[in-house]
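Enquirer: So that we are looking at the same thing, I have put the structure below in structure tokens.
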Amino acid sequence: MSIRTRFTTWRPFATAAAATAALLATFLAPATAQAQAQAQAWSAPRESRPIYSYDNAVREAVWVDTRLDGDGDGKSDRVAVDIVRPREAAQRGRKVPVIMDASPYYSCCGRGNESQLKTYDAQGRVVQMPLFYDNYFVPRGYAFVGVDLAGTNRSDGCVDVGGRSDIQSAKAVVDWLNGRATAYTSRTGTEKSRAGWTNGRTGMIGKSWDGTIANGVAATGVKGLKTIVPISAISTWYDYYFSKGAPLYDSGPDWLSDYVDSPDARAKCAAVQRKLVDQAPRTGDRTPLWTERDYVKYASKVKASVFLVHGMQDLNVRLQHVGPWWDALSRNGVERKIWLSQTGHVDPFDFRRAEWVDTLHRWFDHELLGYDNGIDREPMADIERHPDQWVTSKSWPPRGTSAATLRPAQGSQPGVGTLGLTKAKGTETFTDDPALSETDWAARIDTPTPDKAGFTTGTLTKDLRLSGSSTVTVTASPTTGTAHLSAVLVDLGPDTIRDYAAGGEGIATLTNRTCWGAGTTGDSGCFKETQARTAAVDLTVVSRGWADLGNYADAGKGVPLTPGKAYTITLDLGATDHVVPAGHRLALIVAGTDRDLIDPPSTRPTLTIDLARTSARVPLVGGAAAFAHATKGAGTAVPHRAAELDGVQAPRTAHRVPEAAR
């Protein structure tokens, strides 16, 4: 769904004088009233300015009562909240809005491309707040709040990886900012602290786990949360660890909890760790633990606007987290905006810095200060087509997008077939080889190999734009009792892309620094510059998806397979927006284990695909008619000389931490 929801501009300056002027206007001649209205509109603020001192900002810490006892010590857990806010605004009695980043990484792992940690002075006040948000926005009249999730850094409690404790850690702070929760001036003391300096209007931002918390808090419908900016964020934790039963990592949330726990939490949180093991079985079965961590399920509660950012080649928090969340927000009329880059797991500050800071500034000004700056009337989507080359889309997916059912057919060689609109008969067979990846399959798309079945269009005569989430339905008969499946869409043709498989995942970090906001001795606000890291390729993987064939009847429950019996399952591919240009081909590959992206099954099956009952539903701008037009007169699907194609290097061992890549 891509209907554009209109934004409502909140106007904080509806003063008595303005109201009087409006009343007088009703008695003026129409032309005079119109001129006065225009003058008022022209005089209204459109951009917050850096008028407050960052060096003189108030720096303080409070501990907010979460009303939970996750660590079981008989006391309500308190989470540490570090605050940087403009002193002059408080002195003038002006209440300010809040930008908030709730994170488990402030002491264990660091934030951003340079892995910055919080640092403190002798009184326990924050000196370095990671990232540029405080440097840039505090002088412009915002407070910045950095929250240590329960069980991390200076907070009580336990990390429960996206569950009630994680989400309540941040929600309680939003409640406190709006006068509904209690905070204290110390971790164990009784002196209370009120947030009288804020108007309660809060925007949450963060990359990866931090952005995931923003999604989860928004899904509670908490009052006062006006907008979220989730960057490379998880929308349901089951899909971080599994894809229809196929395990994406060789560990579960207990490992991740232990990775970020503070020493105090490690000593107290054995019961939480045990729950994360017992209720998250490696079978891939859905349990109540996963339901609690499914924010898509509660999208109807979201009242905050959403500015979503994700890399289309993110193999850490994969694109399966974008499509369902975005569609659910759309169905519920949530105001939203999206950026999709060619990078992997990378923050927009490091792939489109100047444009990002400007856009985020205008977004927060509109959503938290109520400035009518026009951002609500701009295109909904920004999409990176080539490195540092961006296009916009009025809505996303664009109007006129519909799913075309593409069907594989046999070719003149085994496993080297065609892809079109006509249902075909016959079968193709491949044997799972866990040593090979999607890169290996695509490189040999025109060569019969025993490890995959590949199907390609002929050379396109028109551009073909994919926009949204695809599905691939496969009917397969295994030779063993377990089998994993992968489905991959590939653009076959030369291009220069961001090298998402290399270190940096599409960026290279330089040595020179530029400053984004004011600074102090302990927090300069200056960061290393970056540039696109590119690769010349013959193919580009556009989208991919995985499943355990044993989950054919129930996406959340696997069963043993009967060798020789045919099973039908639908694989959900990640969302994308990609143009396959004229002169290229579009390919569908069906195979077994995608090395380093899913774990292999306990056996090594051979699978026979029933082509008549196998198809791909691909969202195309213009739908099936566009596909027919682009492939009309395309000719043979396979070149006369089958050569091995070059892509990016095979994906590296998958990350087990939602912030492991920069």
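Each chain in the structure tokens gets a letter, A, B, ..., in the order shown, and its residues are numbered from 1; ligands are numbered from 1 in order too.
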I want to know what sits within 10 Å of range 163-172 of chain A, based on only C-alpha atoms, with residues of the same chain fewer than 2 positions away left out; could you give that as a PyMOL selection string?
Expert: chain A and resi 64-70+77-81+100-104+146-151+155-161+174-178+180-183+204+212-223+225+237+289-294
Enquirer: Please identify which residues in range 395-455 of chain A DSSP calls strand (DSSP E or B) from the backbone, and express them as a ChimeraX atom specification.
Expert: /A:401-413,416-420,427-431,452-455
Enquirer: Between A:His310, A:Arg617, A:Lys303, A:Arg125, which one has atoms that come closest to Gly333 in chain A, using only C-alpha atoms?
Expert: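 Closest candidate: A:Lys303.
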Enquirer: I'd like the neighbourhood of range 313-325 of chain A as a PDB file with N, CA, C and O atoms, in the first residue's frame, where a residue qualifies if any of its atoms comes within 7 Å (using only C-alpha atoms), though same-chain residues fewer than 5 positions away should be ignored.
Expert:
ATOM      1  N   SER A 232      18.209   1.002   9.867  1.00  0.00           N
ATOM      2  CA  SER A 232      18.655  -0.402   9.828  1.00  0.00           C
ATOM      3  C   SER A 232      18.110  -1.171  11.024  1.00  0.00           C
ATOM      4  O   SER A 232      18.835  -1.894  11.705  1.00  0.00           O
ATOM      5  N   ALA A 233      16.821  -1.030  11.286  1.00  0.00           N
ATOM      6  CA  ALA A 233      16.229  -1.523  12.523  1.00  0.00           C
ATOM      7  C   ALA A 233      15.415  -2.798  12.307  1.00  0.00           C
ATOM      8  O   ALA A 233      14.901  -3.064  11.218  1.00  0.00           O
ATOM      9  N   ILE A 234      15.290  -3.553  13.391  1.00  0.00           N
ATOM     10  CA  ILE A 234      14.515  -4.794  13.417  1.00  0.00           C
ATOM     11  C   ILE A 234      13.052  -4.462  13.675  1.00  0.00           C
ATOM     12  O   ILE A 234      12.735  -3.605  14.503  1.00  0.00           O
ATOM     13  N   SER A 235      12.148  -5.149  12.972  1.00  0.00           N
ATOM     14  CA  SER A 235      10.716  -4.969  13.225  1.00  0.00           C
ATOM     15  C   SER A 235      10.099  -6.181  13.905  1.00  0.00           C
ATOM     16  O   SER A 235       9.034  -6.071  14.506  1.00  0.00           O
ATOM     17  N   THR A 236      10.726  -7.341  13.801  1.00  0.00           N
ATOM     18  CA  THR A 236      10.306  -8.514  14.559  1.00  0.00           C
ATOM     19  C   THR A 236      11.542  -9.369  14.803  1.00  0.00           C
ATOM     20  O   THR A 236      12.265  -9.711  13.866  1.00  0.00           O
ATOM     21  N   TYR A 240      14.971 -11.775  12.834  1.00  0.00           N
ATOM     22  CA  TYR A 240      16.412 -11.524  12.947  1.00  0.00           C
ATOM     23  C   TYR A 240      17.169 -12.835  13.090  1.00  0.00           C
ATOM     24  O   TYR A 240      18.306 -12.956  12.623  1.00  0.00           O
ATOM     25  N   VAL A 296       5.501  -5.588  14.437  1.00  0.00           N
ATOM     26  CA  VAL A 296       4.569  -5.481  13.309  1.00  0.00           C
ATOM     27  C   VAL A 296       3.162  -5.826  13.769  1.00  0.00           C
ATOM     28  O   VAL A 296       2.174  -5.215  13.339  1.00  0.00           O
ATOM     29  N   GLN A 342      22.189   1.880  -1.285  1.00  0.00           N
ATOM     30  CA  GLN A 342      22.862   0.696  -1.827  1.00  0.00           C
ATOM     31  C   GLN A 342      23.804   0.052  -0.812  1.00  0.00           C
ATOM     32  O   GLN A 342      24.435  -0.958  -1.119  1.00  0.00           O
ATOM     33  N   THR A 343      23.899   0.598   0.381  1.00  0.00           N
ATOM     34  CA  THR A 343      24.864   0.111   1.352  1.00  0.00           C
ATOM     35  C   THR A 343      24.362  -1.142   2.065  1.00  0.00           C
ATOM     36  O   THR A 343      23.219  -1.567   1.894  1.00  0.00           O
ATOM     37  N   GLY A 344      25.255  -1.681   2.913  1.00  0.00           N
ATOM     38  CA  GLY A 344      24.859  -2.691   3.873  1.00  0.00           C
ATOM     39  C   GLY A 344      24.355  -2.014   5.136  1.00  0.00           C
ATOM     40  O   GLY A 344      23.532  -1.092   5.082  1.00  0.00           O
ATOM     41  N   HIS A 345      24.899  -2.445   6.287  1.00  0.00           N
ATOM     42  CA  HIS A 345      24.441  -1.984   7.601  1.00  0.00           C
ATOM     43  C   HIS A 345      25.173  -0.695   7.964  1.00  0.00           C
ATOM     44  O   HIS A 345      26.094  -0.685   8.791  1.00  0.00           O
ATOM     45  N   GLY A 468       9.357  -3.004  -3.862  1.00  0.00           N
ATOM     46  CA  GLY A 468       8.568  -3.651  -2.826  1.00  0.00           C
ATOM     47  C   GLY A 468       9.119  -5.021  -2.493  1.00  0.00           C
ATOM     48  O   GLY A 468      10.289  -5.320  -2.734  1.00  0.00           O
ATOM     49  N   SER A 469       8.277  -5.872  -1.939  1.00  0.00           N
ATOM     50  CA  SER A 469       8.679  -7.197  -1.467  1.00  0.00           C
ATOM     51  C   SER A 469       8.171  -8.287  -2.401  1.00  0.00           C
ATOM     52  O   SER A 469       6.993  -8.307  -2.753  1.00  0.00           O
ATOM     53  N   TYR A 500      29.095  -3.681  -0.993  1.00  0.00           N
ATOM     54  CA  TYR A 500      28.496  -3.947   0.303  1.00  0.00           C
ATOM     55  C   TYR A 500      29.100  -5.158   1.007  1.00  0.00           C
ATOM     56  O   TYR A 500      28.927  -5.327   2.222  1.00  0.00           O
ATOM     57  N   LEU A 573      10.968 -12.732   0.227  1.00  0.00           N
ATOM     58  CA  LEU A 573      12.206 -12.036  -0.120  1.00  0.00           C
ATOM     59  C   LEU A 573      12.187 -10.622   0.450  1.00  0.00           C
ATOM     60  O   LEU A 573      11.120 -10.041   0.683  1.00  0.00           O
ATOM     61  N   GLY A 574      13.361 -10.067   0.663  1.00  0.00           N
ATOM     62  CA  GLY A 574      13.460  -8.735   1.240  1.00  0.00           C
ATOM     63  C   GLY A 574      12.964  -7.660   0.289  1.00  0.00           C
ATOM     64  O   GLY A 574      13.045  -7.782  -0.938  1.00  0.00           O
ATOM     65  N   ALA A 575      12.457  -6.569   0.863  1.00  0.00           N
ATOM     66  CA  ALA A 575      12.003  -5.436   0.064  1.00  0.00           C
ATOM     67  C   ALA A 575      13.184  -4.792  -0.658  1.00  0.00           C
ATOM     68  O   ALA A 575      14.324  -4.842  -0.191  1.00  0.00           O
ATOM     69  N   ALA A 654      28.054 -14.223   8.748  1.00  0.00           N
ATOM     70  CA  ALA A 654      26.980 -13.337   9.188  1.00  0.00           C
ATOM     71  C   ALA A 654      27.249 -12.803  10.595  1.00  0.00           C
ATOM     72  O   ALA A 654      27.767 -13.489  11.451  1.00  0.00           O
ATOM     73  N   HIS A 655      26.854 -11.530  10.806  1.00  0.00           N
ATOM     74  CA  HIS A 655      26.986 -10.921  12.123  1.00  0.00           C
ATOM     75  C   HIS A 655      25.943 -11.501  13.065  1.00  0.00           C
ATOM     76  O   HIS A 655      24.854 -11.866  12.662  1.00  0.00           O
ATOM     77  N   PRO A 658      23.308  -6.769  16.142  1.00  0.00           N
ATOM     78  CA  PRO A 658      22.674  -5.803  15.243  1.00  0.00           C
ATOM     79  C   PRO A 658      23.425  -4.493  15.084  1.00  0.00           C
ATOM     80  O   PRO A 658      22.888  -3.545  14.558  1.00  0.00           O
TER      81      PRO A 658
END
Enquirer: What are the DSSP alpha helix (DSSP H) residues of range 503-635 of chain A, as a list in words?
Expert: Gly623, Ala624, Ala625, Ala626, Phe627, Ala628, His629, Ala630 and Thr631 of chain A
Enquirer: Taking only residues of range 180-286 of chain A that have an atom at most 10 Å from an atom of range 356-374 of chain A, what is each one's shortest atom pair and its distance in Å to one decimal, using only C-alpha atoms, in chain and number order, as JSON lines?
Expert:
{"residue": "A:Asn199", "atom": "CA", "partner": "A:Leu368", "partner_atom": "CA", "distance": 9.8}
{"residue": "A:Gly200", "atom": "CA", "partner": "A:Leu368", "partner_atom": "CA", "distance": 9.6}
{"residue": "A:Arg201", "atom": "CA", "partner": "A:Leu368", "partner_atom": "CA", "distance": 6.1}
{"residue": "A:Thr202", "atom": "CA", "partner": "A:Leu368", "partner_atom": "CA", "distance": 7.0}
{"residue": "A:Gly203", "atom": "CA", "partner": "A:Leu368", "partner_atom": "CA", "distance": 7.2}
{"residue": "A:Leu225", "atom": "CA", "partner": "A:Leu368", "partner_atom": "CA", "distance": 9.6}
{"residue": "A:Lys226", "atom": "CA", "partner": "A:Glu367", "partner_atom": "CA", "distance": 6.7}
{"residue": "A:Thr227", "atom": "CA", "partner": "A:Glu367", "partner_atom": "CA", "distance": 6.6}
{"residue": "A:Ile228", "atom": "CA", "partner": "A:Phe364", "partner_atom": "CA", "distance": 9.6}
{"residue": "A:Val229", "atom": "CA", "partner": "A:Leu360", "partner_atom": "CA", "distance": 8.8}
Enquirer: Work out how far CA of Ile231 in chain A is from CA of Thr511 in chain A, in Å to one decimal.
Expert: 24.7 Å
Enquirer: For the interface of range 218-284 of chain A with range 596-604 of chain A (cut-off 8 Å, counting only C-alpha atoms), please tabulate each contacting residue of range 218-284 of chain A alongside its nearest pair of atoms and their separation in Å to one decimal, rows sorted by chain and increasing number, as CSV.
Expert:
residue,atom,partner,partner_atom,distance
A:Ala246,CA,A:Ile598,CA,6.6
A:Pro247,CA,A:Asp599,CA,5.6
A:Leu248,CA,A:Ile598,CA,4.3
A:Tyr249,CA,A:Asp599,CA,6.6
A:Asp250,CA,A:Asp599,CA,7.0
Enquirer: Keeping only all heavy atoms, take the residues you just selected and write them out as a JSON list (two decimals), in the first residue's frame.
Expert:
[["chain", "number", "residue", "atom", "x", "y", "z"],
["A", 246, "ALA", "N", 14.33, -21.46, 8.99],
["A", 246, "ALA", "CA", 15.74, -21.59, 8.63],
["A", 246, "ALA", "C", 16.56, -20.67, 9.53],
["A", 246, "ALA", "O", 16.33, -19.47, 9.58],
["A", 246, "ALA", "CB", 15.96, -21.21, 7.17],
["A", 247, "PRO", "N", 17.53, -21.22, 10.28],
["A", 247, "PRO", "CA", 18.31, -20.38, 11.20],
["A", 247, "PRO", "C", 19.30, -19.50, 10.44],
["A", 247, "PRO", "O", 20.02, -19.95, 9.56],
["A", 247, "PRO", "CB", 19.04, -21.41, 12.07],
["A", 247, "PRO", "CG", 19.11, -22.64, 11.24],
["A", 247, "PRO", "CD", 17.89, -22.64, 10.37],
["A", 248, "LEU", "N", 19.31, -18.21, 10.83],
["A", 248, "LEU", "CA", 20.20, -17.26, 10.18],
["A", 248, "LEU", "C", 21.54, -17.14, 10.90],
["A", 248, "LEU", "O", 22.50, -16.62, 10.35],
["A", 248, "LEU", "CB", 19.53, -15.89, 10.11],
["A", 248, "LEU", "CG", 18.12, -15.85, 9.49],
["A", 248, "LEU", "CD1", 17.63, -14.42, 9.41],
["A", 248, "LEU", "CD2", 18.10, -16.50, 8.12],
["A", 249, "TYR", "N", 21.59, -17.59, 12.14],
["A", 249, "TYR", "CA", 22.81, -17.51, 12.94],
["A", 249, "TYR", "C", 22.96, -18.80, 13.74],
["A", 249, "TYR", "O", 22.00, -19.52, 13.96],
["A", 249, "TYR", "CB", 22.78, -16.31, 13.89],
["A", 249, "TYR", "CG", 22.58, -15.00, 13.20],
["A", 249, "TYR", "CD1", 21.33, -14.39, 13.14],
["A", 249, "TYR", "CD2", 23.64, -14.37, 12.57],
["A", 249, "TYR", "CE1", 21.15, -13.18, 12.48],
["A", 249, "TYR", "CE2", 23.47, -13.16, 11.92],
["A", 249, "TYR", "CZ", 22.23, -12.58, 11.87],
["A", 249, "TYR", "OH", 22.06, -11.39, 11.22],
["A", 250, "ASP", "N", 24.18, -19.05, 14.22],
["A", 250, "ASP", "CA", 24.42, -20.25, 15.01],
["A", 250, "ASP", "C", 24.27, -20.00, 16.50],
["A", 250, "ASP", "O", 24.82, -20.71, 17.33],
["A", 250, "ASP", "CB", 25.82, -20.81, 14.71],
["A", 250, "ASP", "CG", 26.93, -19.83, 15.07],
["A", 250, "ASP", "OD1", 26.61, -18.70, 15.50],
["A", 250, "ASP", "OD2", 28.11, -20.20, 14.90]]
Enquirer: Which residue gives the smallest distance to Leu131 in chain A among A:Ala643, A:Leu256, A:Cys515, A:Leu436, with only C-alpha atoms counted?
Expert: A:Cys515
Enquirer: At a cut-off of 8 Å, using only C-alpha atoms, what residues contact Ser300 in chain A? Leave out same-chain residues fewer than 4 positions from it and give the result as a ChimeraX atom specification.
Expert: /A:219,328-329,332
Enquirer: Write a file of the selected residues as a short mmCIF file (atom, residue, chain, number, x, y, z; two decimals), in the first residue's frame, keeping C-alpha atoms.
Expert:
data_model
loop_
_atom_site.label_atom_id
_atom_site.label_comp_id
_atom_site.auth_asym_id
_atom_site.auth_seq_id
_atom_site.Cartn_x
_atom_site.Cartn_y
_atom_site.Cartn_z
CA ALA A 219 4.24 0.03 18.90
CA ALA A 328 1.57 -2.37 8.34
CA LEU A 329 2.27 1.32 8.97
CA ASN A 332 -2.82 2.04 9.67
#
Enquirer: Please, what distance in Å, to one decimal, runs between CA of Thr606 in chain A and CA of Ile589 in chain A?
Expert: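 Those two atoms sit 15.5 Å apart.
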Enquirer: Nearest residue to Gly647 in chain A out of A:Ala299, A:Ala628, A:Val537, A:Val542, using only C-alpha atoms?
Expert: A:Val537
Enquirer: For Thr514 in chain A, please output as a list in words all residues within 10 Å (counting only C-alpha atoms; exclusion window: fewer than 5 positions along the same chain).
Expert: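 Near neighbours after the sequence-gap exclusion: Gly525, Cys526, Phe527, Lys528 and Glu529 of chain A.
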Enquirer: Would you mind exporting the chosen residues as a PDB file, in the first residue's frame, restricted to C-alpha atoms?
Expert:
ATOM      1  CA  GLY A 525      31.322  17.183  17.202  1.00  0.00           C
ATOM      2  CA  CYS A 526      33.856  16.397  14.467  1.00  0.00           C
ATOM      3  CA  PHE A 527      33.828  13.092  12.604  1.00  0.00           C
ATOM      4  CA  LYS A 528      35.893  11.313   9.978  1.00  0.00           C
ATOM      5  CA  GLU A 529      34.660  11.813   6.464  1.00  0.00           C
TER       6      GLU A 529
END
Enquirer: Can you list, as a VMD selection string, every protein, DNA or RNA residue that comes within 7 Å of Asn153 in chain A when you count only C-alpha atoms, leaving out same-chain residues fewer than 5 positions away?
Expert: chain A and resid 106 to 107 148 262
Enquirer: Would you list the contacts of Ala536 in chain A as a PyMOL selection string, taking every protein, DNA or RNA residue within 8 Å and counting only C-alpha atoms, but skipping same-chain residues closer than 3 positions in sequence?
Expert: chain A and resi 494-497+647
Enquirer: Those same residues - C-alpha atoms - I'd like them written as a PDB file, in the first residue's frame.
Expert:
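Output saved as selection.pdb:
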ATOM      1  CA  PRO A 494      27.517  -4.726 -15.923  1.00  0.00           C
ATOM      2  CA  ASP A 495      27.276  -1.980 -13.339  1.00  0.00           C
ATOM      3  CA  THR A 496      29.230  -0.094 -10.704  1.00  0.00           C
ATOM      4  CA  ILE A 497      27.714  -0.531  -7.251  1.00  0.00           C
ATOM      5  CA  GLY A 647      29.905  -9.990  -8.584  1.00  0.00           C
TER       6      GLY A 647
END
